[in-house]
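> Here it is, the structure in full.
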Amino acid sequence: MTELPERPDQLEALKGLFLGEDLERLRRIDAEARSPEERLRRLAELLPLALKRLEKRGELNESLAPTVEAVVRLLIQRDSQRFADALYPAIGPAIRKSISETIRQLLRNLNQALEAGLSWQGLKWRFESWRSGIPYAQVVMLHSLHYRVEQVFLIHRRSGILLGHVQAEGVLYKDPDMVSSMLAAIGDFVEDSFESGEAGQLGHIEYGDLSIRIETGPDVLLALALRGEAPAELREQMQQVVEDIQRRYASVLGEFNGDMSVFSALEGLLLPLLQSKYRRPSRGLTLKTRLVLFALLMLAVLWGVNRWWWNGQREDFVQRLEQEPGLVVTAVDDDDGRLSVRGLRDPLARDPKAMLAQTVLDPDDVRLDFRPYQSLQQEFVHRRLLRATQPPQSVDLRLEDGRLVVEGVASPEWIRRFRDRAALLAGAQDIDTSGLVSEVNLNDLGAPDSVQLEFDSSTGAVKASGVAPGDWLERAEVRALLIPGVRRFDASAVQVLPSLEVFDAPATVQLELKDRVLQVSGSADSGWIARLKQRVAEYPVIRGLDLQRLVNTDGTKLQSIKSALESISILFDSALSFNLTDQSQMQQAADLALQLFATARKLGRKVTLVLHGHTDSTGSFEDNLLLSLERADFVAQQLFLQGVPASGVLIKGIETLAAPEKSAEERRHNRRVSFEVIIE
Amino acid sequence: MYKFKVCMLGAFAVGKTSLVQRFVHSIFDERYHTTLGVKIDQKLLEIGGTPVQLILWDLAGEDEFMKVRATYLRGAAGLILVADGLRPETLDTAIDLQKRFNADHALPFVLALNKADCRDEWQIPEHRLQELRTQGWTIFDTSALNGSGVEALFERIGTAMMEQA
């Protein structure tokens, strides 16, 4: 500003002239500008307007943010308790809500984890966790977040009138208009009954696995009936839908007059909420599908196990073929699912077909093609030799380092044949027959049954045992030494039967040795018989002498009968009766008399039996002669009664009177009949 | 298509529920009255060729122990007051309810004077009704027994609400 003139009043007048009313205004403005109170008053007037404008431009928040932040910091530093008190009404419920929600979620997850922990699903999830590296709990959670929104209600908040409704396919539902009103009523009821007062809203109704989520806008309620566990995003989505609807239908909703036509496009907004989210598509499989898949899996596993097992069986079989001596497996192929084995087989080896039959493999599934060859394995050379030469049991035929060793005893023919053939057989480079002994055929010796013959090939000795006739033995000794291979004949153990000639039998006698008993038949005199007995005793080998059928020609028997008979006296009790003192003497005499005549007849000899009657000395000679005759006759009659032939019997009486007896005993002895045998 | 929330109010045991029972579609049973204090029914009408759906909030009857919950009347587009022609005090209750919830006649309302079938025994003097009519009340003589007047009642309230819409 330029310097003002010195005269203020003039200047003032001038100003008044120029500016007029403006001067007064300028002065006022100046005064105001100079007065802090006035400025403050004006600012206070303008500030809210300015703030409002700034807010509209969105600049205020940004410019105020640092200041507000600094102020809040300052406040907290200065008196944090007071700040906390101030915030408590807002933060307290928020924290409580958050904590309870967190705990609820935690418990739910824990329950699910426990439930799933031991199940097949749990194992599957654990495997997934291990494979993907995601913690198990998280995997469980991921899987658990499946749910289905069954119905969506959009309800006019004040009246409870249903503005829009959509439902998932196949869901059974009741009249949604009434349900929505009832929901509103329930909300009212809660609000009313528990006097929540504030603009709180029913947010959640749970019933079993069904839950109703309610999101509230100024004019509408959005209610979702769902099953399962909805994710947190659903709530956000619901909020967005509510906001969207509030915005779009702001004009209608505020003054809702019951006209539904304006909400015709509402369904399009609600449909996206009708979600049935399965985080894992696989979890969406129905039980039936899962069972079918499981069955298929089991079939595949069974098929695999089965195939693996059969393959194992095939491998085993091939391995057995490979290990079998005399078989060489050259190729193993899979011929269209059939096992094909080719190779070589020694004819003496086990038949692969037989081996196949012992396995569980189906013979139709296995093709065996074995061509013949000769194995040079010792076992097979050996078996071929055995088959070709067919040695007797007494021959031991073995291979020792390619050398064929033959030992034992064999028939000369076999030995000859063996020598011819063995050289032609493959596999044995050298043949050792030093231990082979030609067999000795002892049958040529014609041994009787009572003789056992043994041949000791080591000593070349034939050992004979048993009982043998001497003449055979003599012949055998000579003939045995003529048999090839026999060097000695040992007859020390033979009991020699004598030649029958040694008994020097007369022509009337037949001798036979039977079971070491000498049987004699025919007739011979007692002199020879006595010599025979002596001779037989010299031979202990003869166990017995049978003379049953031999007749003694020189009548020793007759003599013995004669002497026996002649020693008998038939005594009479008294002089006048014919009562016999001893009846048995009579019987004995009769028996002997019968024998006498029978023997004589057999021998062709003539015998006469004379019966001498005797008396004691009492009485006359004539009387006594008569009496003696009578006595003799009495005995004769007795004999005849017994069958003694009368022709051979003579009776004689006393010729002289007996000398007087000295005792009664003597007298009694004289009262008798005696016998005399005359052999011609 | 129009949808209106209509509240049915009246004293205890005036026969609100039985009055409309035959004319409405219902999925909830009587127990809701004693538990929630309200039961929702539905009535479809056609007014001037426009389908109109009435969502009837059948509020539990009022007596000295139980008051109608005011919150249930929120957002209602019309009221049906019910009184028992044989019990004059129920008319008082209806009038009282009207005063409490619709003093300014903001909502269209009708009065159903029930038990028209026993009209001879009515205890309510005609002059009282006349008085109410002069105050703008629409009164229907209805009978739960024979259903007389009920359809007309619904029609009337529906028309009234449509006029306001």
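Lettering and numbering for the structure tokens are positional, with chains as A, B, ... in the shown order, residues counted from 1 in each chain, and ligands counted from 1 in the shown order.
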With only C-alpha atoms counted and 6 Å as the cut-off, give the residues of chain A in contact with chain B, each with its shortest interatomic distance in Å and the pair that gives it, as a Markdown table.


| residue | atom | partner | partner_atom | distance |
| --- | --- | --- | --- | --- |
| A:Arg158 | CA | B:Gly75 | CA | 4.5 |
| A:Ser159 | CA | B:Gly75 | CA | 3.7 |
| A:Met178 | CA | B:Ile40 | CA | 5.9 |
| A:Asp188 | CA | B:Thr71 | CA | 5.9 |
| A:Asn257 | CA | B:Ala165 | CA | 4.8 |
| A:Gly258 | CA | B:Lys3 | CA | 4.7 |
| A:Asp259 | CA | B:Tyr2 | CA | 4.5 |
| A:Met260 | CA | B:Tyr2 | CA | 5.3 |

> Write out, as a PDB file, in the first residue's frame, the residues just selected, with all heavy atoms.


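Okay, this is what ended up in result_0.pdb:
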ATOM      1  N   ARG A 158     -40.184 -55.464   7.146  1.00  0.00           N
ATOM      2  CA  ARG A 158     -41.253 -54.949   8.021  1.00  0.00           C
ATOM      3  C   ARG A 158     -42.470 -55.864   8.040  1.00  0.00           C
ATOM      4  O   ARG A 158     -42.984 -56.223   9.092  1.00  0.00           O
ATOM      5  CB  ARG A 158     -41.676 -53.551   7.533  1.00  0.00           C
ATOM      6  CG  ARG A 158     -41.012 -52.442   8.297  1.00  0.00           C
ATOM      7  CD  ARG A 158     -41.497 -51.106   7.792  1.00  0.00           C
ATOM      8  NE  ARG A 158     -42.858 -50.780   8.255  1.00  0.00           N
ATOM      9  CZ  ARG A 158     -43.140 -50.400   9.511  1.00  0.00           C
ATOM     10  NH1 ARG A 158     -42.184 -50.323  10.408  1.00  0.00           N
ATOM     11  NH2 ARG A 158     -44.375 -50.103   9.850  1.00  0.00           N
ATOM     12  N   SER A 159     -42.902 -56.264   6.870  1.00  0.00           N
ATOM     13  CA  SER A 159     -44.172 -56.984   6.801  1.00  0.00           C
ATOM     14  C   SER A 159     -43.993 -58.506   6.831  1.00  0.00           C
ATOM     15  O   SER A 159     -44.947 -59.234   7.051  1.00  0.00           O
ATOM     16  CB  SER A 159     -44.898 -56.619   5.517  1.00  0.00           C
ATOM     17  OG  SER A 159     -44.120 -57.026   4.399  1.00  0.00           O
ATOM     18  N   MET A 178     -45.916 -68.388   3.646  1.00  0.00           N
ATOM     19  CA  MET A 178     -46.232 -68.531   5.058  1.00  0.00           C
ATOM     20  C   MET A 178     -44.965 -68.741   5.877  1.00  0.00           C
ATOM     21  O   MET A 178     -44.836 -68.232   6.979  1.00  0.00           O
ATOM     22  CB  MET A 178     -47.214 -69.680   5.240  1.00  0.00           C
ATOM     23  CG  MET A 178     -48.590 -69.298   4.770  1.00  0.00           C
ATOM     24  SD  MET A 178     -49.813 -70.471   5.285  1.00  0.00           S
ATOM     25  CE  MET A 178     -49.849 -71.538   3.897  1.00  0.00           C
ATOM     26  N   ASP A 188     -39.595 -61.352  15.136  1.00  0.00           N
ATOM     27  CA  ASP A 188     -40.325 -60.389  15.978  1.00  0.00           C
ATOM     28  C   ASP A 188     -40.473 -60.941  17.385  1.00  0.00           C
ATOM     29  O   ASP A 188     -40.296 -60.229  18.370  1.00  0.00           O
ATOM     30  CB  ASP A 188     -41.725 -60.152  15.395  1.00  0.00           C
ATOM     31  CG  ASP A 188     -41.654 -59.393  14.076  1.00  0.00           C
ATOM     32  OD1 ASP A 188     -40.579 -58.830  13.785  1.00  0.00           O
ATOM     33  OD2 ASP A 188     -42.667 -59.404  13.340  1.00  0.00           O
ATOM     34  N   ASN A 257     -45.637 -51.436  -1.259  1.00  0.00           N
ATOM     35  CA  ASN A 257     -47.079 -51.342  -1.236  1.00  0.00           C
ATOM     36  C   ASN A 257     -47.754 -52.667  -1.578  1.00  0.00           C
ATOM     37  O   ASN A 257     -48.937 -52.703  -1.885  1.00  0.00           O
ATOM     38  CB  ASN A 257     -47.560 -50.246  -2.191  1.00  0.00           C
ATOM     39  CG  ASN A 257     -47.179 -50.585  -3.617  1.00  0.00           C
ATOM     40  OD1 ASN A 257     -46.521 -51.588  -3.859  1.00  0.00           O
ATOM     41  ND2 ASN A 257     -47.620 -49.767  -4.555  1.00  0.00           N
ATOM     42  N   GLY A 258     -46.965 -53.737  -1.556  1.00  0.00           N
ATOM     43  CA  GLY A 258     -47.573 -55.042  -1.818  1.00  0.00           C
ATOM     44  C   GLY A 258     -47.517 -55.449  -3.276  1.00  0.00           C
ATOM     45  O   GLY A 258     -47.827 -56.598  -3.614  1.00  0.00           O
ATOM     46  N   ASP A 259     -47.119 -54.560  -4.122  1.00  0.00           N
ATOM     47  CA  ASP A 259     -47.077 -54.881  -5.551  1.00  0.00           C
ATOM     48  C   ASP A 259     -45.851 -55.741  -5.829  1.00  0.00           C
ATOM     49  O   ASP A 259     -44.718 -55.327  -5.633  1.00  0.00           O
ATOM     50  CB  ASP A 259     -46.993 -53.585  -6.351  1.00  0.00           C
ATOM     51  CG  ASP A 259     -47.032 -53.867  -7.834  1.00  0.00           C
ATOM     52  OD1 ASP A 259     -47.137 -55.059  -8.217  1.00  0.00           O
ATOM     53  OD2 ASP A 259     -46.938 -52.900  -8.608  1.00  0.00           O
ATOM     54  N   MET A 260     -46.113 -56.927  -6.269  1.00  0.00           N
ATOM     55  CA  MET A 260     -45.020 -57.865  -6.461  1.00  0.00           C
ATOM     56  C   MET A 260     -44.390 -57.765  -7.833  1.00  0.00           C
ATOM     57  O   MET A 260     -43.312 -58.291  -8.061  1.00  0.00           O
ATOM     58  CB  MET A 260     -45.514 -59.311  -6.260  1.00  0.00           C
ATOM     59  CG  MET A 260     -46.032 -59.595  -4.876  1.00  0.00           C
ATOM     60  SD  MET A 260     -44.856 -59.218  -3.603  1.00  0.00           S
ATOM     61  CE  MET A 260     -43.598 -60.404  -3.984  1.00  0.00           C
TER      62      MET A 260
END

> Apply DSSP to the structure's backbone, then extract all residues of region 202-416 of chain A labelled strand (DSSP E or B) and return them as JSON, numbers by chain.

{"A": [204, 205, 206, 207, 210, 211, 212, 213, 214, 215, 216, 220, 221, 222, 223, 224, 225, 226, 227, 228, 259, 276, 277, 327, 328, 329, 330, 331, 332, 333, 334, 335, 338, 339, 340, 341, 342, 343, 344, 345, 366, 367, 368, 369, 370, 371, 372, 395, 396, 397, 398, 399, 400, 403, 404, 405, 406, 407, 408, 409, 410]}

> Near region 135-147 of chain B, counting only C-alpha atoms, which residues have an atom at most 9 Å away, once you skip same-chain residues fewer than 5 positions from it, shown as a list in words?

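My reading of the contact set: Gly15, Lys16, Thr17, Ser18, Leu19, Val20, Gln21, Arg22, Phe23, Gly85, His105, Phe109, Val110, Leu111, Ala112, Leu113, Asn114, Lys115, Ala116, Asp117, Cys118, Arg119, Leu129, Gln130, Ala152, Leu153 and Arg156 of chain B.
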
> At a cut-off of 8 Å, using only C-alpha atoms, what residues contact region 212-221 of chain A? Leave out same-chain residues fewer than 4 positions from it and give the result as a PDB file with all heavy atoms, in the first residue's frame.


ATOM      1  N   PHE A 153     -34.870 -67.305   0.707  1.00  0.00           N
ATOM      2  CA  PHE A 153     -36.043 -66.427   0.891  1.00  0.00           C
ATOM      3  C   PHE A 153     -35.569 -64.985   0.910  1.00  0.00           C
ATOM      4  O   PHE A 153     -34.624 -64.671   1.626  1.00  0.00           O
ATOM      5  CB  PHE A 153     -36.712 -66.685   2.250  1.00  0.00           C
ATOM      6  CG  PHE A 153     -37.230 -68.082   2.438  1.00  0.00           C
ATOM      7  CD1 PHE A 153     -36.411 -69.072   2.953  1.00  0.00           C
ATOM      8  CD2 PHE A 153     -38.545 -68.391   2.129  1.00  0.00           C
ATOM      9  CE1 PHE A 153     -36.895 -70.356   3.154  1.00  0.00           C
ATOM     10  CE2 PHE A 153     -39.040 -69.664   2.328  1.00  0.00           C
ATOM     11  CZ  PHE A 153     -38.214 -70.657   2.839  1.00  0.00           C
ATOM     12  N   LEU A 154     -36.240 -64.154   0.149  1.00  0.00           N
ATOM     13  CA  LEU A 154     -36.005 -62.722   0.308  1.00  0.00           C
ATOM     14  C   LEU A 154     -37.303 -62.169   0.889  1.00  0.00           C
ATOM     15  O   LEU A 154     -38.376 -62.274   0.284  1.00  0.00           O
ATOM     16  CB  LEU A 154     -35.670 -62.035  -1.013  1.00  0.00           C
ATOM     17  CG  LEU A 154     -35.291 -60.573  -0.795  1.00  0.00           C
ATOM     18  CD1 LEU A 154     -33.906 -60.446  -0.181  1.00  0.00           C
ATOM     19  CD2 LEU A 154     -35.383 -59.772  -2.070  1.00  0.00           C
ATOM     20  N   ILE A 155     -37.193 -61.586   2.083  1.00  0.00           N
ATOM     21  CA  ILE A 155     -38.390 -61.227   2.841  1.00  0.00           C
ATOM     22  C   ILE A 155     -38.407 -59.714   3.096  1.00  0.00           C
ATOM     23  O   ILE A 155     -37.370 -59.135   3.460  1.00  0.00           O
ATOM     24  CB  ILE A 155     -38.402 -61.984   4.184  1.00  0.00           C
ATOM     25  CG1 ILE A 155     -38.306 -63.494   3.924  1.00  0.00           C
ATOM     26  CG2 ILE A 155     -39.650 -61.648   4.998  1.00  0.00           C
ATOM     27  CD1 ILE A 155     -38.013 -64.322   5.155  1.00  0.00           C
ATOM     28  N   HIS A 156     -39.548 -59.161   2.882  1.00  0.00           N
ATOM     29  CA  HIS A 156     -39.683 -57.733   3.236  1.00  0.00           C
ATOM     30  C   HIS A 156     -39.625 -57.651   4.748  1.00  0.00           C
ATOM     31  O   HIS A 156     -40.385 -58.309   5.458  1.00  0.00           O
ATOM     32  CB  HIS A 156     -41.020 -57.177   2.700  1.00  0.00           C
ATOM     33  CG  HIS A 156     -41.156 -55.730   2.945  1.00  0.00           C
ATOM     34  ND1 HIS A 156     -42.112 -55.197   3.797  1.00  0.00           N
ATOM     35  CD2 HIS A 156     -40.445 -54.677   2.473  1.00  0.00           C
ATOM     36  CE1 HIS A 156     -41.974 -53.876   3.833  1.00  0.00           C
ATOM     37  NE2 HIS A 156     -40.959 -53.541   3.029  1.00  0.00           N
ATOM     38  N   ARG A 157     -38.689 -56.838   5.211  1.00  0.00           N
ATOM     39  CA  ARG A 157     -38.365 -56.905   6.639  1.00  0.00           C
ATOM     40  C   ARG A 157     -39.533 -56.488   7.523  1.00  0.00           C
ATOM     41  O   ARG A 157     -39.828 -57.117   8.529  1.00  0.00           O
ATOM     42  CB  ARG A 157     -37.156 -55.998   6.895  1.00  0.00           C
ATOM     43  CG  ARG A 157     -36.610 -56.139   8.285  1.00  0.00           C
ATOM     44  CD  ARG A 157     -35.326 -55.363   8.412  1.00  0.00           C
ATOM     45  NE  ARG A 157     -34.991 -55.182   9.801  1.00  0.00           N
ATOM     46  CZ  ARG A 157     -33.965 -54.473  10.221  1.00  0.00           C
ATOM     47  NH1 ARG A 157     -33.170 -53.895   9.318  1.00  0.00           N
ATOM     48  NH2 ARG A 157     -33.702 -54.340  11.493  1.00  0.00           N
ATOM     49  N   ARG A 158     -40.184 -55.464   7.146  1.00  0.00           N
ATOM     50  CA  ARG A 158     -41.253 -54.949   8.021  1.00  0.00           C
ATOM     51  C   ARG A 158     -42.470 -55.864   8.040  1.00  0.00           C
ATOM     52  O   ARG A 158     -42.984 -56.223   9.092  1.00  0.00           O
ATOM     53  CB  ARG A 158     -41.676 -53.551   7.533  1.00  0.00           C
ATOM     54  CG  ARG A 158     -41.012 -52.442   8.297  1.00  0.00           C
ATOM     55  CD  ARG A 158     -41.497 -51.106   7.792  1.00  0.00           C
ATOM     56  NE  ARG A 158     -42.858 -50.780   8.255  1.00  0.00           N
ATOM     57  CZ  ARG A 158     -43.140 -50.400   9.511  1.00  0.00           C
ATOM     58  NH1 ARG A 158     -42.184 -50.323  10.408  1.00  0.00           N
ATOM     59  NH2 ARG A 158     -44.375 -50.103   9.850  1.00  0.00           N
ATOM     60  N   GLN A 201     -30.883 -58.504  14.904  1.00  0.00           N
ATOM     61  CA  GLN A 201     -31.681 -59.345  14.017  1.00  0.00           C
ATOM     62  C   GLN A 201     -31.341 -60.801  14.245  1.00  0.00           C
ATOM     63  O   GLN A 201     -30.202 -61.142  14.575  1.00  0.00           O
ATOM     64  CB  GLN A 201     -31.417 -58.981  12.548  1.00  0.00           C
ATOM     65  CG  GLN A 201     -32.382 -57.979  11.978  1.00  0.00           C
ATOM     66  CD  GLN A 201     -33.832 -58.442  12.060  1.00  0.00           C
ATOM     67  OE1 GLN A 201     -34.122 -59.612  11.947  1.00  0.00           O
ATOM     68  NE2 GLN A 201     -34.742 -57.502  12.267  1.00  0.00           N
ATOM     69  N   LEU A 202     -32.339 -61.596  14.038  1.00  0.00           N
ATOM     70  CA  LEU A 202     -32.111 -63.033  14.106  1.00  0.00           C
ATOM     71  C   LEU A 202     -31.129 -63.378  12.989  1.00  0.00           C
ATOM     72  O   LEU A 202     -31.362 -63.041  11.833  1.00  0.00           O
ATOM     73  CB  LEU A 202     -33.447 -63.727  13.860  1.00  0.00           C
ATOM     74  CG  LEU A 202     -33.559 -65.173  14.270  1.00  0.00           C
ATOM     75  CD1 LEU A 202     -33.270 -65.318  15.748  1.00  0.00           C
ATOM     76  CD2 LEU A 202     -34.961 -65.666  13.957  1.00  0.00           C
ATOM     77  N   GLY A 203     -29.999 -63.992  13.353  1.00  0.00           N
ATOM     78  CA  GLY A 203     -28.988 -64.229  12.321  1.00  0.00           C
ATOM     79  C   GLY A 203     -28.860 -65.692  11.936  1.00  0.00           C
ATOM     80  O   GLY A 203     -28.398 -66.026  10.857  1.00  0.00           O
ATOM     81  N   HIS A 204     -29.317 -66.537  12.820  1.00  0.00           N
ATOM     82  CA  HIS A 204     -28.956 -67.938  12.614  1.00  0.00           C
ATOM     83  C   HIS A 204     -29.951 -68.818  13.345  1.00  0.00           C
ATOM     84  O   HIS A 204     -30.195 -68.616  14.528  1.00  0.00           O
ATOM     85  CB  HIS A 204     -27.565 -68.156  13.216  1.00  0.00           C
ATOM     86  CG  HIS A 204     -26.840 -69.287  12.583  1.00  0.00           C
ATOM     87  ND1 HIS A 204     -25.484 -69.340  12.545  1.00  0.00           N
ATOM     88  CD2 HIS A 204     -27.292 -70.385  11.965  1.00  0.00           C
ATOM     89  CE1 HIS A 204     -25.128 -70.439  11.928  1.00  0.00           C
ATOM     90  NE2 HIS A 204     -26.211 -71.078  11.554  1.00  0.00           N
ATOM     91  N   ILE A 205     -30.514 -69.758  12.662  1.00  0.00           N
ATOM     92  CA  ILE A 205     -31.343 -70.750  13.344  1.00  0.00           C
ATOM     93  C   ILE A 205     -30.776 -72.105  12.960  1.00  0.00           C
ATOM     94  O   ILE A 205     -30.512 -72.351  11.787  1.00  0.00           O
ATOM     95  CB  ILE A 205     -32.817 -70.661  12.897  1.00  0.00           C
ATOM     96  CG1 ILE A 205     -33.390 -69.287  13.253  1.00  0.00           C
ATOM     97  CG2 ILE A 205     -33.636 -71.771  13.552  1.00  0.00           C
ATOM     98  CD1 ILE A 205     -34.790 -69.068  12.720  1.00  0.00           C
ATOM     99  N   GLU A 206     -30.562 -72.943  13.956  1.00  0.00           N
ATOM    100  CA  GLU A 206     -30.037 -74.265  13.619  1.00  0.00           C
ATOM    101  C   GLU A 206     -30.992 -75.321  14.109  1.00  0.00           C
ATOM    102  O   GLU A 206     -31.531 -75.238  15.206  1.00  0.00           O
ATOM    103  CB  GLU A 206     -28.664 -74.474  14.247  1.00  0.00           C
ATOM    104  CG  GLU A 206     -27.608 -73.689  13.512  1.00  0.00           C
ATOM    105  CD  GLU A 206     -26.214 -74.233  13.741  1.00  0.00           C
ATOM    106  OE1 GLU A 206     -26.049 -75.473  13.786  1.00  0.00           O
ATOM    107  OE2 GLU A 206     -25.310 -73.412  13.894  1.00  0.00           O
ATOM    108  N   ALA A 225     -31.945 -71.437   3.769  1.00  0.00           N
ATOM    109  CA  ALA A 225     -32.074 -72.697   4.482  1.00  0.00           C
ATOM    110  C   ALA A 225     -31.043 -73.636   3.872  1.00  0.00           C
ATOM    111  O   ALA A 225     -31.039 -73.866   2.663  1.00  0.00           O
ATOM    112  CB  ALA A 225     -33.471 -73.262   4.299  1.00  0.00           C
ATOM    113  N   LEU A 226     -30.144 -74.129   4.682  1.00  0.00           N
ATOM    114  CA  LEU A 226     -29.078 -74.954   4.115  1.00  0.00           C
ATOM    115  C   LEU A 226     -28.755 -76.124   5.022  1.00  0.00           C
ATOM    116  O   LEU A 226     -29.041 -76.123   6.220  1.00  0.00           O
ATOM    117  CB  LEU A 226     -27.833 -74.114   3.846  1.00  0.00           C
ATOM    118  CG  LEU A 226     -27.163 -73.372   4.995  1.00  0.00           C
ATOM    119  CD1 LEU A 226     -26.109 -74.248   5.631  1.00  0.00           C
ATOM    120  CD2 LEU A 226     -26.539 -72.086   4.480  1.00  0.00           C
ATOM    121  N   ARG A 235     -21.575 -66.000   3.764  1.00  0.00           N
ATOM    122  CA  ARG A 235     -22.102 -64.843   4.505  1.00  0.00           C
ATOM    123  C   ARG A 235     -21.801 -63.558   3.723  1.00  0.00           C
ATOM    124  O   ARG A 235     -22.668 -62.710   3.547  1.00  0.00           O
ATOM    125  CB  ARG A 235     -21.466 -64.826   5.896  1.00  0.00           C
ATOM    126  CG  ARG A 235     -21.846 -63.694   6.799  1.00  0.00           C
ATOM    127  CD  ARG A 235     -23.294 -63.732   7.222  1.00  0.00           C
ATOM    128  NE  ARG A 235     -23.569 -64.711   8.262  1.00  0.00           N
ATOM    129  CZ  ARG A 235     -24.769 -64.884   8.820  1.00  0.00           C
ATOM    130  NH1 ARG A 235     -25.801 -64.148   8.418  1.00  0.00           N
ATOM    131  NH2 ARG A 235     -24.947 -65.800   9.743  1.00  0.00           N
ATOM    132  N   MET A 238     -23.994 -63.355   0.846  1.00  0.00           N
ATOM    133  CA  MET A 238     -25.348 -62.958   1.237  1.00  0.00           C
ATOM    134  C   MET A 238     -25.403 -61.448   1.442  1.00  0.00           C
ATOM    135  O   MET A 238     -26.333 -60.774   0.985  1.00  0.00           O
ATOM    136  CB  MET A 238     -25.758 -63.663   2.525  1.00  0.00           C
ATOM    137  CG  MET A 238     -26.102 -65.127   2.332  1.00  0.00           C
ATOM    138  SD  MET A 238     -26.326 -65.973   3.905  1.00  0.00           S
ATOM    139  CE  MET A 238     -27.927 -65.341   4.415  1.00  0.00           C
ATOM    140  N   GLN A 239     -24.370 -60.943   2.092  1.00  0.00           N
ATOM    141  CA  GLN A 239     -24.335 -59.494   2.336  1.00  0.00           C
ATOM    142  C   GLN A 239     -24.353 -58.730   1.020  1.00  0.00           C
ATOM    143  O   GLN A 239     -25.077 -57.757   0.845  1.00  0.00           O
ATOM    144  CB  GLN A 239     -23.077 -59.128   3.127  1.00  0.00           C
ATOM    145  CG  GLN A 239     -23.227 -59.439   4.604  1.00  0.00           C
ATOM    146  CD  GLN A 239     -21.902 -59.394   5.339  1.00  0.00           C
ATOM    147  OE1 GLN A 239     -20.848 -59.219   4.721  1.00  0.00           O
ATOM    148  NE2 GLN A 239     -21.959 -59.576   6.652  1.00  0.00           N
ATOM    149  N   VAL A 242     -27.746 -58.823  -0.477  1.00  0.00           N
ATOM    150  CA  VAL A 242     -28.647 -57.904   0.235  1.00  0.00           C
ATOM    151  C   VAL A 242     -28.368 -56.465  -0.187  1.00  0.00           C
ATOM    152  O   VAL A 242     -29.279 -55.697  -0.522  1.00  0.00           O
ATOM    153  CB  VAL A 242     -28.495 -58.077   1.764  1.00  0.00           C
ATOM    154  CG1 VAL A 242     -29.174 -56.943   2.501  1.00  0.00           C
ATOM    155  CG2 VAL A 242     -29.089 -59.409   2.196  1.00  0.00           C
ATOM    156  N   GLU A 243     -27.068 -56.152  -0.218  1.00  0.00           N
ATOM    157  CA  GLU A 243     -26.711 -54.776  -0.603  1.00  0.00           C
ATOM    158  C   GLU A 243     -27.183 -54.480  -2.007  1.00  0.00           C
ATOM    159  O   GLU A 243     -27.732 -53.414  -2.294  1.00  0.00           O
ATOM    160  CB  GLU A 243     -25.191 -54.593  -0.506  1.00  0.00           C
ATOM    161  CG  GLU A 243     -24.747 -54.349   0.923  1.00  0.00           C
ATOM    162  CD  GLU A 243     -23.232 -54.490   1.082  1.00  0.00           C
ATOM    163  OE1 GLU A 243     -22.524 -54.377   0.061  1.00  0.00           O
ATOM    164  OE2 GLU A 243     -22.789 -54.740   2.215  1.00  0.00           O
ATOM    165  N   GLN A 246     -30.880 -54.075  -2.026  1.00  0.00           N
ATOM    166  CA  GLN A 246     -31.229 -52.785  -1.391  1.00  0.00           C
ATOM    167  C   GLN A 246     -31.014 -51.642  -2.371  1.00  0.00           C
ATOM    168  O   GLN A 246     -31.812 -50.717  -2.456  1.00  0.00           O
ATOM    169  CB  GLN A 246     -30.366 -52.582  -0.135  1.00  0.00           C
ATOM    170  CG  GLN A 246     -30.797 -53.407   1.044  1.00  0.00           C
ATOM    171  CD  GLN A 246     -32.082 -52.910   1.722  1.00  0.00           C
ATOM    172  OE1 GLN A 246     -32.765 -53.632   2.388  1.00  0.00           O
ATOM    173  NE2 GLN A 246     -32.456 -51.646   1.500  1.00  0.00           N
ATOM    174  N   LEU A 253     -38.611 -50.559  -2.094  1.00  0.00           N
ATOM    175  CA  LEU A 253     -38.596 -51.208  -0.789  1.00  0.00           C
ATOM    176  C   LEU A 253     -39.006 -50.267   0.328  1.00  0.00           C
ATOM    177  O   LEU A 253     -39.728 -50.658   1.237  1.00  0.00           O
ATOM    178  CB  LEU A 253     -37.207 -51.802  -0.498  1.00  0.00           C
ATOM    179  CG  LEU A 253     -36.881 -53.039  -1.301  1.00  0.00           C
ATOM    180  CD1 LEU A 253     -35.423 -53.429  -1.102  1.00  0.00           C
ATOM    181  CD2 LEU A 253     -37.781 -54.205  -0.871  1.00  0.00           C
ATOM    182  N   GLY A 254     -38.531 -49.048   0.249  1.00  0.00           N
ATOM    183  CA  GLY A 254     -38.840 -48.082   1.300  1.00  0.00           C
ATOM    184  C   GLY A 254     -40.352 -47.936   1.443  1.00  0.00           C
ATOM    185  O   GLY A 254     -40.882 -47.849   2.545  1.00  0.00           O
TER     186      GLY A 254
END

> Which of chain B counts as helix (DSSP H, G or I) under DSSP, as a count of residues only please?

60

> Between A:Arg307, A:Ile483, A:Ala464, A:Leu270, which residue has the minimum interatomic distance to Pro448 (chain A), considering only C-alpha atoms?

A:Ala464

> Leaving out Val462 (chain A) and any residue of its chain fewer than 4 positions from it, which residues lie within 7 Å of it when counting only C-alpha atoms, given as a list in words?

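The neighbour list is Leu453, Glu454, Phe455, Asp456, Val486, Arg488, Phe489 and Asp490 of chain A.
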